[in-house]
Every structure is written in C-alpha cells, then in structure tokens.
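What follows is a single structure, written as structure tokens, with notes after it.
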Amino acid sequence: MPHLPNSPTAKPNYSSVWVAFVLLGISAINTQAKIAITVPQQVSLSANFSTQQLSISWLGGEATTFDLIILRTEFNETVFYDTVSAVLNQDGGQHQWTWTSVEPLECTSLSLKVRSREGKTISEWSEPQILEGRDLPNSVKSMFPQDRTVPVGANTTFCCIVQEGKDFKSILYGSTVMNVKRLSRRSYATTAVNQNISGNSGTNVVCLSNDPSSLTGTVIFVGYPPLLSKFECETRDLIIAECQWEEGRSTNLYRKNATRYSVNERDCPERRRCTLSQWDGNWTLLAVNPLGQYSLTDSAEVSHRVHPVAPVKLTPVAHAWNATVLWEWAYSSYSSLALVCQVELASHNTMLGNFSGVGLRSAVLLDLQPDEEYKVQVRCGSQKNFWKWGDWSKALSFKTKPYVPDAPDVWMWMNRDNTGLVVWKPLTRRQSHGQIVGYKVTLWNSEENEQHTEILSPESKVLPVNLTRWASFSGDNKVIATVIAKNVEGMSQPASVLLHLIDDEPPALAQTVYTSTGFPLSWQHNDNSTCGYLVEWCNALCTRDCPVDWIRLDAGNTNISVQSADFQPGVRYNFSLYSCPSDFPVLTHRWQGYMQELAPSSSVRLEITQQGCDVVLTWEEIPLAGRRGFLLGYNVYISNGSHLTRLANLDLGTRTYTKKGLSVSIHKFTVKAYTSAGEDTGGTASIRLESCDGLILEILASLGMVTFLLATVAYFCYKKRRWVKKAFYPDIPEPKLPGDWFRTQGPLDVKPPPHSMVHIIEKPERDSSKDSLVVIPEEEEDDGEGIGDEPVDTDEPQLLRYYNQVVDERPIRPRFPDSSVSSSSSVDSANTDVTYTGIQTSCSSLVFLSDSQCSSEGFQPHTGFSVSSGDRGGGYQPQMQPVALGGNLASPEPLVEPQVVSSGGYKPQSSWLLDSPTETDEKISPPPSLGSPTSVASTQFLLPDSEEHEEERRQPSSLAAAWFTNLLSSAKP
C-alpha cells in the first residue's frame, strides 16, 4: 500500500456560513413583503329585483381572481361560494361581477363578502355587505315574484313572507300543494319545475297562513315568444300598401303581455294586418312580447302586387240563349290596368268563362238555357304580373227568355191483342224552354191519308190506341204516331214512332245479373246496319198497357248497363232491344233480371195422397209475383219432431215426389222453393198412412167369411126346413073328433075337481048351430112326452060338463070364436067323453108357465088322450079364473092353483071376453067363462087383461116370443 504523506489539516471558515444564512433570511423577508395581497375595498351591491340579478363592484388591487360568498343573513346559510374572474373597469379601477339568484331577491336578506386570490395566496375577507330583503319583522304578508311572465318549460321559485307572529301553512300552485323550504323565520319558498302553458288569465300561486283574512298570492303567465311567417305586402288601389302575416303559433300571452307588431317602425294595431299609406317597396315586420321578439322582411314593385277589389253594380241584359253582365270599379286607377275576369254560376260553382281587357267592365255569357234562372258572380285579377284573384262580387240573379220546346222522346207499347199505348217522356225544364201548355198527338195512315188528332193536357204522357182499326186502312199495317209539345213561345218539332201489328212470337228471355253499375246488356252488332238502338224495360208482372222506360243508343253500340232509381229488390224486370226504333222498330233481344234476388214470399200449394204403400207429393208452380228471384229448385223435407230432415233436392222442372217405405203413422211433409237468396216458408201437408200390405187380403177374407156364413145358414135352413117351418110358421091344428058325436043332444055330466069349478054367472042366448065340436086333422105324432113331471092331484076325477051339440059336417075354417058364449053354454050340454088330438100351442101362449119350463123341458103337446070323469093324468084342462062364492065377480085378481100350473097339456087362457060388444054391457064386467075347444081355430093370440099380466110385463123375453109367434100366425090366410 502506498504511503500518503502527512500534511496539516485545514480549519473550516464558520463566519462566512453564518453570513450566507442571514442574507437568505433577509431576502425572504423582502420577498414576502413584496407579494402581500390587498383586501378588496369599497364593496358595493346593486340589485335588479325584476331579473333577480345582484351586481357587485369593488376595488381589488392587483389581484385578478376573487372568492365570493353569499349567505342568507338570518340563518347564515351559504347560497353561493365560488372563485370568479371579475371584469376590471379601466376608468375607475373597480372590479365588477353579476350574480343571478334562484329565489327572488325580496325573499330574505343576503350577506356578501369578497377576498382577493392569487394562486394559493388569498387576502382577508372584505367587510360583509348586506342586501336587505322584505322579511323584516315589521314587514306585512307578501309573496314574490309578482305577476311574472316566463316561457313554457321554465322553473320558477316563489317565496311567501308572513307577518311576525303568524304561522305559515302552505303554498298552492293552481290547485297543487307545493313542497316548501324555509329561508328565514318569516320567509318560505317553493319551486315550480317545467311549467306548462297557463290559461288566458295566468296561473294563481297562493300563500296560506293561519290568518284566513290575510290572503296573499301572485299570478304567473307561462307562454311563448313570438313566431311569424308569410309576411307580404300588396296593393288594392295601386297606392296604399297592405301588409299581412301569419303567426306560427299562439304565444298564449294576452293584455299587457300580448305581442306588439310594427312595420318599418310604425305600430300596427291589428295582429295580422297592417296598412301603410304609401308604397315603400321594402318592409320590416317586428313582433315583441315579454319573452322575446321576432322579425321578417319583404320587398316588391307595386305592379307585381295588385290585388283587385270586387266589381260593383252588376247589371244583366238577358236573352233566350245568352246574356250580358255589366259592372263598375270602385277605383279610377283600374281604367288603365289590364285585367282578366271570371264569371261563375254561384249556385253550381260552374265556370262560365274568362274575359280579359284593359279596364274590363262587361262579359257576354253564351250557351245559356231558355226560361232558366241564373245567379252569377264576377272576380278579376291583373293580367300582367298576375299576383292573385280579386274578391268575388255580390251574386247577380236573372232569368233568360223562353223558347219553343224540344221534340219529346216518343215510344210505344203494344199488347198482344194489337191494342197499345203511345207514350212519351215528360219534358224537363231544360227541354221545355218554358211552361208546357199541352201536347198534340196525331195518328196518321200514310197510304190511306187518314189521320186523327187529339189535344192533351200538359200532365199527359200516354195515349191509348187500337191498332186493329187503324191498320185496316193500310196494306202494310203501318200507322205513324206523332207527338208535338207546345209552350207560350210555340210548338216543338214533331216526334214520331211507327206502330205496327204484332204477328211474330218474341225472342226467348235471357237472364242478366245486376251489378254495381246496373243491368249489363250486350249483343252482336250488324255491320250493315246504320241505325241506332233502343233498350226498353218494364216490370215483368205487367202484361197489358205497361208503364215503360227506355233509353236510345247510337249506331255501333253493342252493350249498355241499365240503371234506374225505380229499380226495386225482389222485382223482375224485362228488357227488350229494338233496332232502328225511329224507322221500323224490330225486336231482336230480350232479357230478364232482378236488381236483388230475395227468398220467395209465397209458398207452394202442396197436395199429398197415398198410392198403395207410397206417399205422393204434388205441387204447382209459385206465381211470378211471389217468386222474387229466379227459382233454382225445390227442397223436400219430412218433419221429425221439432226439426226438418231434407229428403230430396229437385230441379225446377220436377213438381212431384214419391216417398216409399214409410211406417203406418202420421207423416208431415214440407216443400220449399228456393232462389239464390234462400228458401220460402214452405208448403206443408200431413197424411195418416193406412196399412197397405194386407188390405186386399183383408177385403177378400171379409167377403169370403160373409159368403161362407151365408152358405152355412142356407145349408142349415135347407136341412132343417121342417124345423124351421114348425118353429117360425107352424100349421095350426084342427080339433080331431074321435068316436060318435051324433048322439042325441043331452047334458054331459063331468065332475070337475074342486079347483076347476066353473061358476056360470049368466047364460046368454046362443046359436046352437055354432055349438059343436070341430074335427081337427091330426098332425104327425111326436114321440115327446108330456110336459112336466110334477105330481097331479088325482083324488077326484077331472070332469067337464058339456051340452051335446049338433055337429055341422062342414069343414070349419079358422075363425075368431065367441069363446065366452061357447064356454058358458057348454055347461048345459050332455055329459060326453071328449078326446082332443093334435092340439099344439107355442110356449109363449102358455102364460102361466115360466121361461125355464119352456126352455128346459121342451114343451110338447099331448096327442090322443081323452078327458072323462074317471080318467086321471094329463088331459085337456081349461084354465079358469076361480072366484070365491059370494065374492066380487068383477075382481080381476087371479087365483092360480098349483095343480093346474104344474100339470101338462094345453091350457087355454082362463079369462075370455065377449067377441061382440053388443052381447055385454059395458058397465058390467064380463063374466068369467070356460074356453071352448073351438078357440084353437083362432089365428089371434088371446091376450089377458092388463091387470092380469102385470107379472108378464116383467118378462120382456116372453112378450117378444109371443109377438114373434103372433107375427107368424097372422101371416097365414
């Protein structure tokens, strides 16, 4: 390592260091003193309460920036604090700055202080300056701002100052309660944000306190600044300028806040119009209101802005087809002005023409109609440098003179019987050229030179004709009808139509469908034809003297759409096309159609029949008046309870329908015709279907059964003819007299039983020739036994006492014997044994037998038995009516003994009356008598007295049998 030489160490110079520090300190002190900032002096405040601006001025030395602080004095609340660059006034050396307050400056007292700032160096605050508000202790209740005008969308702060000792309640903006903040002890504020346009009289803002008598508030007007458009000036008399403009929008500000207008600094009292006494050529429009101003400019030469006034004093000069209109001008300057004028029909807005000339004062109107009312008006404009049309004049009314009428449009309607009508269309007002006073109609035959003229009233439009009479005068069957119209000016040109006999069938009808333009009709045009066409139409329901309408077409037309206000829905119309209607009308085409098809208004008449097992429906066509459309077919329905089931859809030509396979019941059918618009209500018929399968068999079976029954009865009657004869027509037997009846007449003692005693009351004179027994031929003996098996009382013999009578051998015919005489006289006859043979009687004649005995025992009469005093058993036992001895003989009560009732054999009636009324006294009851054997020859039933047969009336079957037997008996000769 090298060795460093040793040298002595140097001592520091401490005195120079301290000198340096001292110098630096002095320099710093000098610098601090040099940059010291001046406190702002002479601070002053100036307030603009309407704009809420506060102007502040002060002396601030060399500083360029300053700090400002604004406080609400009472609450010491900072309102504004910021560093600002104030403007230096070179003349006075003062700094100035303006502050705009959100609240009105009247709301509360404000304190302001200013200090200078240079970078981070600041001065002391200046002495505070106070701007006193209206919220002083001695202030009255008030509200700010007062009657302020603000633009739409602005924010406005309102404050309310209440009196000392009063309590604040709220602030109302219109009807809205606002949010409030407190500025001081007596001042309260609220802010309306984004304000909408107010009403015409503004919006009320009201301050409410606990003192209802001290109501205070303000009015706020919210609107727009002015906005204008279309500013232009023109002249009427070539001297005065009239300026006009339009407002782009309404400002919504009125009265003292309304917009004020001026043109070239001359006030204009009207809102959209201003008049200047001289034409300046350049104009400036200025519009001002509290929210702002707007201006427009315009310039032009006088000849380019002429707007003529309306013509005055219009006068007409009228003729039939034209008229002249005269007028005057209000300004003499128009005499040298080139004008163009228009004349218009005021009632129809129809322009009649344009007329031009220098200082124009008249116009000739052409193409007018005679006897027509017109109302015209006139306006004019500048012909050179045309600006705009002038004003219309007042309307002028006049009437043209009448002229001869036009020729009427004539046509004809011919019926199939060659009678018809000559028809013409009434002339319109434009065609009549005056009041029509009548029509002249002439029928003329050119070959025969025959004519007939009729004068008709103005209301006439048809003349009936009989073409047959007129056509007989002409070989070609042509008659010309001519119609002439007449008014006060003269007669029209004649209009003619050719009438001719109809001998051809019309063409077939084709269908046409109505469209929005009418009924479309089209046809082929004949190139060789040069004449026009006529289309005629009428109601299809009309068949004679029909009211028709028509339209004429020029040659070459091949189609047309027919439209008329008379067309009605549901009505069929026929259309006919005639070629050469003016020369020789020829019918070439026919159509038919509906304006609107409807459902049929009437229904079919339905008839229903049963044919065998089938049901056949038939109906007729609906009349044309009830169709209301083209029928497309028929629907056949059958009723199933409450609804209809369609069975078939038939075409239009089918009007019968057969339904098979129906059950035996009641069936209801409905047939409905339909068009394109729907069905009719339907024709309905019902039928009760009878059984048809076994009908013939039932008839044949019934006939067979009747035949079989008749044959059976006939066969039975044939086989049982003897029984039938006996049962229904028996032979009446005659008495058979056995033994010798020619003995000498003497008494015959027969001892009757006690119950058969016959008491003879009276013995009338008698004819002995009649008292004889008659021999009755014996019938075939039946093997039947006697009736009744009851025991017979045989203690005493049954005896009858008869007188012998001389027998007359002459054959005895059946007669009505006098049984009472015979019975009474037989008591005195000689005792004789009498044998009765072959005596028969019907069961009905045995009045004392019951019905059961007749029916069950089969009553058979006994034959060949004799009656004698010693015999017992069945024999002839005359029935009698016993009476008690010494009793009333006239008593009719029967006393029937059991033995008599129960014994068999022939029992004659017990009560016999005299045949002749001369043989008995009517006042005396007939005596009882014993029946004679000759009584069997009677052909009449011996009926008992009514009193004796009360019991028989209770047996109708017995009476009926007796009546039938009597009928058979009376039938014999």
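By convention here, the chains of the structure tokens are called A, B, ... in the order presented, each chain's residues are numbered starting at 1, and ligands are numbered starting at 1 in the order presented.
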For A:Val671, please output as an MDAnalysis selection string all residues within 10 Å (counting only C-alpha atoms; exclusion window: fewer than 4 positions along the same chain).
-> chainID A and resid 603:606 617:619 634:638 646:649 655 657 679:685
Extract, using only C-alpha atoms, all DNA, RNA and protein residues at most 10 Å from A:Ile622, discarding same-chain residues fewer than 2 positions from it, and format them as a list in words.
->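 Counting only the stated atoms, we get Pro600, Ser601, Ser602, Ser603, Val604, Arg605, Trp619, Glu620, Leu624, Ala625, Gly626, Arg627, Leu631 and Ala673 of chain A.
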Suppose we keep N, CA and C atoms; can you now write the selection as a PDB file, in the first residue's frame?
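Now in selection-v5.pdb:
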ATOM      1  N   PRO A 600    -138.446 -16.422 -51.871  1.00  0.00           N
ATOM      2  CA  PRO A 600    -139.857 -16.316 -52.298  1.00  0.00           C
ATOM      3  C   PRO A 600    -140.747 -15.871 -51.151  1.00  0.00           C
ATOM      4  N   SER A 601    -141.722 -15.025 -51.488  1.00  0.00           N
ATOM      5  CA  SER A 601    -142.651 -14.511 -50.476  1.00  0.00           C
ATOM      6  C   SER A 601    -143.868 -15.411 -50.302  1.00  0.00           C
ATOM      7  N   SER A 602    -144.149 -16.275 -51.255  1.00  0.00           N
ATOM      8  CA  SER A 602    -145.270 -17.207 -51.129  1.00  0.00           C
ATOM      9  C   SER A 602    -144.749 -18.637 -51.251  1.00  0.00           C
ATOM     10  N   SER A 603    -145.563 -19.569 -50.797  1.00  0.00           N
ATOM     11  CA  SER A 603    -145.152 -20.970 -50.773  1.00  0.00           C
ATOM     12  C   SER A 603    -145.953 -21.782 -51.787  1.00  0.00           C
ATOM     13  N   VAL A 604    -145.464 -22.975 -52.067  1.00  0.00           N
ATOM     14  CA  VAL A 604    -146.157 -23.872 -52.985  1.00  0.00           C
ATOM     15  C   VAL A 604    -147.408 -24.425 -52.311  1.00  0.00           C
ATOM     16  N   ARG A 605    -148.390 -24.735 -53.130  1.00  0.00           N
ATOM     17  CA  ARG A 605    -149.598 -25.397 -52.625  1.00  0.00           C
ATOM     18  C   ARG A 605    -149.386 -26.897 -52.717  1.00  0.00           C
ATOM     19  N   TRP A 619    -147.285 -30.495 -56.290  1.00  0.00           N
ATOM     20  CA  TRP A 619    -147.482 -29.064 -56.047  1.00  0.00           C
ATOM     21  C   TRP A 619    -147.421 -28.311 -57.367  1.00  0.00           C
ATOM     22  N   GLU A 620    -147.942 -27.092 -57.332  1.00  0.00           N
ATOM     23  CA  GLU A 620    -147.950 -26.227 -58.503  1.00  0.00           C
ATOM     24  C   GLU A 620    -146.826 -25.194 -58.389  1.00  0.00           C
ATOM     25  N   LEU A 624    -145.513 -15.745 -60.355  1.00  0.00           N
ATOM     26  CA  LEU A 624    -144.364 -14.869 -60.576  1.00  0.00           C
ATOM     27  C   LEU A 624    -144.262 -13.780 -59.521  1.00  0.00           C
ATOM     28  N   ALA A 625    -145.397 -13.270 -59.075  1.00  0.00           N
ATOM     29  CA  ALA A 625    -145.370 -12.189 -58.082  1.00  0.00           C
ATOM     30  C   ALA A 625    -144.776 -12.647 -56.758  1.00  0.00           C
ATOM     31  N   GLY A 626    -144.857 -13.925 -56.445  1.00  0.00           N
ATOM     32  CA  GLY A 626    -144.340 -14.412 -55.175  1.00  0.00           C
ATOM     33  C   GLY A 626    -142.945 -14.993 -55.242  1.00  0.00           C
ATOM     34  N   ARG A 627    -142.330 -15.034 -56.418  1.00  0.00           N
ATOM     35  CA  ARG A 627    -141.010 -15.661 -56.529  1.00  0.00           C
ATOM     36  C   ARG A 627    -139.899 -14.764 -56.001  1.00  0.00           C
ATOM     37  N   LEU A 631    -136.211 -19.062 -59.523  1.00  0.00           N
ATOM     38  CA  LEU A 631    -136.294 -20.312 -58.776  1.00  0.00           C
ATOM     39  C   LEU A 631    -135.230 -21.284 -59.264  1.00  0.00           C
ATOM     40  N   ALA A 673    -139.573 -23.938 -52.074  1.00  0.00           N
ATOM     41  CA  ALA A 673    -138.882 -23.453 -53.270  1.00  0.00           C
ATOM     42  C   ALA A 673    -137.768 -22.500 -52.826  1.00  0.00           C
TER      43      ALA A 673
END
Selection near A:Ser663, 10 Å with only C-alpha atoms, sequence-local residues under 4 positions removed, as a compact mmCIF listing (two decimals) with C-alpha atoms, in the first residue's frame:
# COMPACT_ATOMS: atom_id res chain seq x y z
CA CYS A 613 -147.82 -48.19 -49.85
CA HIS A 667 -146.34 -38.09 -41.52
CA ARG A 688 -152.18 -40.63 -41.97
CA LEU A 689 -150.65 -43.61 -43.75
CA GLU A 690 -153.03 -46.60 -43.70
CA SER A 691 -151.89 -50.24 -43.78
DSSP-assigned helix (DSSP H, G or I) members of stretch 482-698 of chain A, reported as a list in words |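 Taking stretch 482-698 of chain A and keeping helix (DSSP H, G or I) gives Leu624, Ala625, Gly626, Arg627, Leu695, Ile696, Leu697 and Glu698 of chain A.
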Save out the residues we just selected, all heavy atoms, as a PDB file, in the first residue's frame.
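Output saved as result-v8.pdb:
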ATOM      1  N   LEU A 624    -145.513 -15.745 -60.355  1.00  0.00           N
ATOM      2  CA  LEU A 624    -144.364 -14.869 -60.576  1.00  0.00           C
ATOM      3  C   LEU A 624    -144.262 -13.780 -59.521  1.00  0.00           C
ATOM      4  O   LEU A 624    -143.167 -13.421 -59.094  1.00  0.00           O
ATOM      5  CB  LEU A 624    -144.463 -14.238 -61.979  1.00  0.00           C
ATOM      6  CG  LEU A 624    -143.312 -13.304 -62.385  1.00  0.00           C
ATOM      7  CD1 LEU A 624    -141.996 -14.039 -62.363  1.00  0.00           C
ATOM      8  CD2 LEU A 624    -143.576 -12.708 -63.768  1.00  0.00           C
ATOM      9  N   ALA A 625    -145.397 -13.270 -59.075  1.00  0.00           N
ATOM     10  CA  ALA A 625    -145.370 -12.189 -58.082  1.00  0.00           C
ATOM     11  C   ALA A 625    -144.776 -12.647 -56.758  1.00  0.00           C
ATOM     12  O   ALA A 625    -144.245 -11.822 -56.009  1.00  0.00           O
ATOM     13  CB  ALA A 625    -146.778 -11.646 -57.860  1.00  0.00           C
ATOM     14  N   GLY A 626    -144.857 -13.925 -56.445  1.00  0.00           N
ATOM     15  CA  GLY A 626    -144.340 -14.412 -55.175  1.00  0.00           C
ATOM     16  C   GLY A 626    -142.945 -14.993 -55.242  1.00  0.00           C
ATOM     17  O   GLY A 626    -142.408 -15.416 -54.224  1.00  0.00           O
ATOM     18  N   ARG A 627    -142.330 -15.034 -56.418  1.00  0.00           N
ATOM     19  CA  ARG A 627    -141.010 -15.661 -56.529  1.00  0.00           C
ATOM     20  C   ARG A 627    -139.899 -14.764 -56.001  1.00  0.00           C
ATOM     21  O   ARG A 627    -139.029 -15.202 -55.275  1.00  0.00           O
ATOM     22  CB  ARG A 627    -140.726 -16.034 -57.986  1.00  0.00           C
ATOM     23  CG  ARG A 627    -141.695 -17.065 -58.530  1.00  0.00           C
ATOM     24  CD  ARG A 627    -141.349 -17.423 -59.962  1.00  0.00           C
ATOM     25  NE  ARG A 627    -142.378 -18.280 -60.559  1.00  0.00           N
ATOM     26  CZ  ARG A 627    -142.351 -18.709 -61.819  1.00  0.00           C
ATOM     27  NH1 ARG A 627    -141.345 -18.372 -62.609  1.00  0.00           N
ATOM     28  NH2 ARG A 627    -143.327 -19.469 -62.276  1.00  0.00           N
ATOM     29  N   LEU A 695    -154.245 -55.143 -47.203  1.00  0.00           N
ATOM     30  CA  LEU A 695    -155.536 -54.513 -47.445  1.00  0.00           C
ATOM     31  C   LEU A 695    -156.402 -55.369 -48.356  1.00  0.00           C
ATOM     32  O   LEU A 695    -157.575 -55.637 -48.066  1.00  0.00           O
ATOM     33  CB  LEU A 695    -155.322 -53.114 -48.037  1.00  0.00           C
ATOM     34  CG  LEU A 695    -156.585 -52.309 -48.287  1.00  0.00           C
ATOM     35  CD1 LEU A 695    -157.319 -52.089 -46.983  1.00  0.00           C
ATOM     36  CD2 LEU A 695    -156.233 -50.980 -48.942  1.00  0.00           C
ATOM     37  N   ILE A 696    -155.846 -55.843 -49.460  1.00  0.00           N
ATOM     38  CA  ILE A 696    -156.633 -56.646 -50.415  1.00  0.00           C
ATOM     39  C   ILE A 696    -157.002 -57.990 -49.786  1.00  0.00           C
ATOM     40  O   ILE A 696    -158.138 -58.483 -49.922  1.00  0.00           O
ATOM     41  CB  ILE A 696    -155.846 -56.840 -51.723  1.00  0.00           C
ATOM     42  CG1 ILE A 696    -155.586 -55.463 -52.362  1.00  0.00           C
ATOM     43  CG2 ILE A 696    -156.593 -57.756 -52.685  1.00  0.00           C
ATOM     44  CD1 ILE A 696    -154.749 -55.536 -53.608  1.00  0.00           C
ATOM     45  N   LEU A 697    -156.019 -58.566 -49.041  1.00  0.00           N
ATOM     46  CA  LEU A 697    -156.315 -59.849 -48.408  1.00  0.00           C
ATOM     47  C   LEU A 697    -157.408 -59.705 -47.363  1.00  0.00           C
ATOM     48  O   LEU A 697    -158.271 -60.591 -47.224  1.00  0.00           O
ATOM     49  CB  LEU A 697    -155.041 -60.402 -47.754  1.00  0.00           C
ATOM     50  CG  LEU A 697    -153.898 -60.779 -48.724  1.00  0.00           C
ATOM     51  CD1 LEU A 697    -152.686 -61.266 -47.944  1.00  0.00           C
ATOM     52  CD2 LEU A 697    -154.375 -61.858 -49.699  1.00  0.00           C
ATOM     53  N   GLU A 698    -157.388 -58.590 -46.634  1.00  0.00           N
ATOM     54  CA  GLU A 698    -158.435 -58.388 -45.641  1.00  0.00           C
ATOM     55  C   GLU A 698    -159.800 -58.257 -46.301  1.00  0.00           C
ATOM     56  O   GLU A 698    -160.799 -58.786 -45.812  1.00  0.00           O
ATOM     57  CB  GLU A 698    -158.111 -57.140 -44.822  1.00  0.00           C
ATOM     58  CG  GLU A 698    -156.934 -57.324 -43.875  1.00  0.00           C
ATOM     59  CD  GLU A 698    -156.649 -56.058 -43.104  1.00  0.00           C
ATOM     60  OE1 GLU A 698    -157.401 -55.072 -43.309  1.00  0.00           O
ATOM     61  OE2 GLU A 698    -155.696 -56.047 -42.299  1.00  0.00           O
TER      62      GLU A 698
END
If you measure from atom CA of A:Ser460 to atom CA of A:Val548, what distance in Å do you get, rounded to one decimal?
->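 Between these atoms lies a distance of 14.7 Å.
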Have a look at atom CA of A:Thr543 and atom CA of A:Asn574 and let me know their distance in Å, one decimal.
->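 Separating atom CA of A:Thr543 from atom CA of A:Asn574 is a distance of 11.1 Å.
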Quick one: residues within 12 Å of A:Phe221, only C-alpha atoms counted, chain neighbours fewer than 5 positions away excluded, as a count of residues only?
-> 33
Pick from A:Val317, A:Ala508, A:Val437, A:Cys274: nearest to A:Ser262, with only C-alpha atoms counted?
->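 When distances to A:Ser262 are compared using only C-alpha atoms, the smallest one comes from A:Cys274.
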What gap, in Å, lies between atom CA of A:Phe231 and atom CA of A:Thr284?
->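 Computing the Euclidean distance for atom CA of A:Phe231 and atom CA of A:Thr284 yields 9.0 Å.
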Rank A:Trp392, A:Tyr573, A:Phe66, A:Trp99 by their smallest atom-to-atom distance to A:Phe80, using only C-alpha atoms, and report the top residue only.
->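 Looking at the shortest contact to A:Phe80, the residue is A:Trp99.
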Shell around A:Ile560 at 9 Å using only C-alpha atoms, local window under 2 positions removed, as an MDAnalysis selection string = chainID A and resid 518:522 535 553 557:558 562
Give me every strand (DSSP E) residue in stretch 271-393 of chain A, going by DSSP on the backbone, as a VMD selection string.
-> chain A and resid 273 to 276 282 to 289 292 to 299 312 to 318 323 to 328 338 to 345 350 to 358 362 to 365 373 to 382
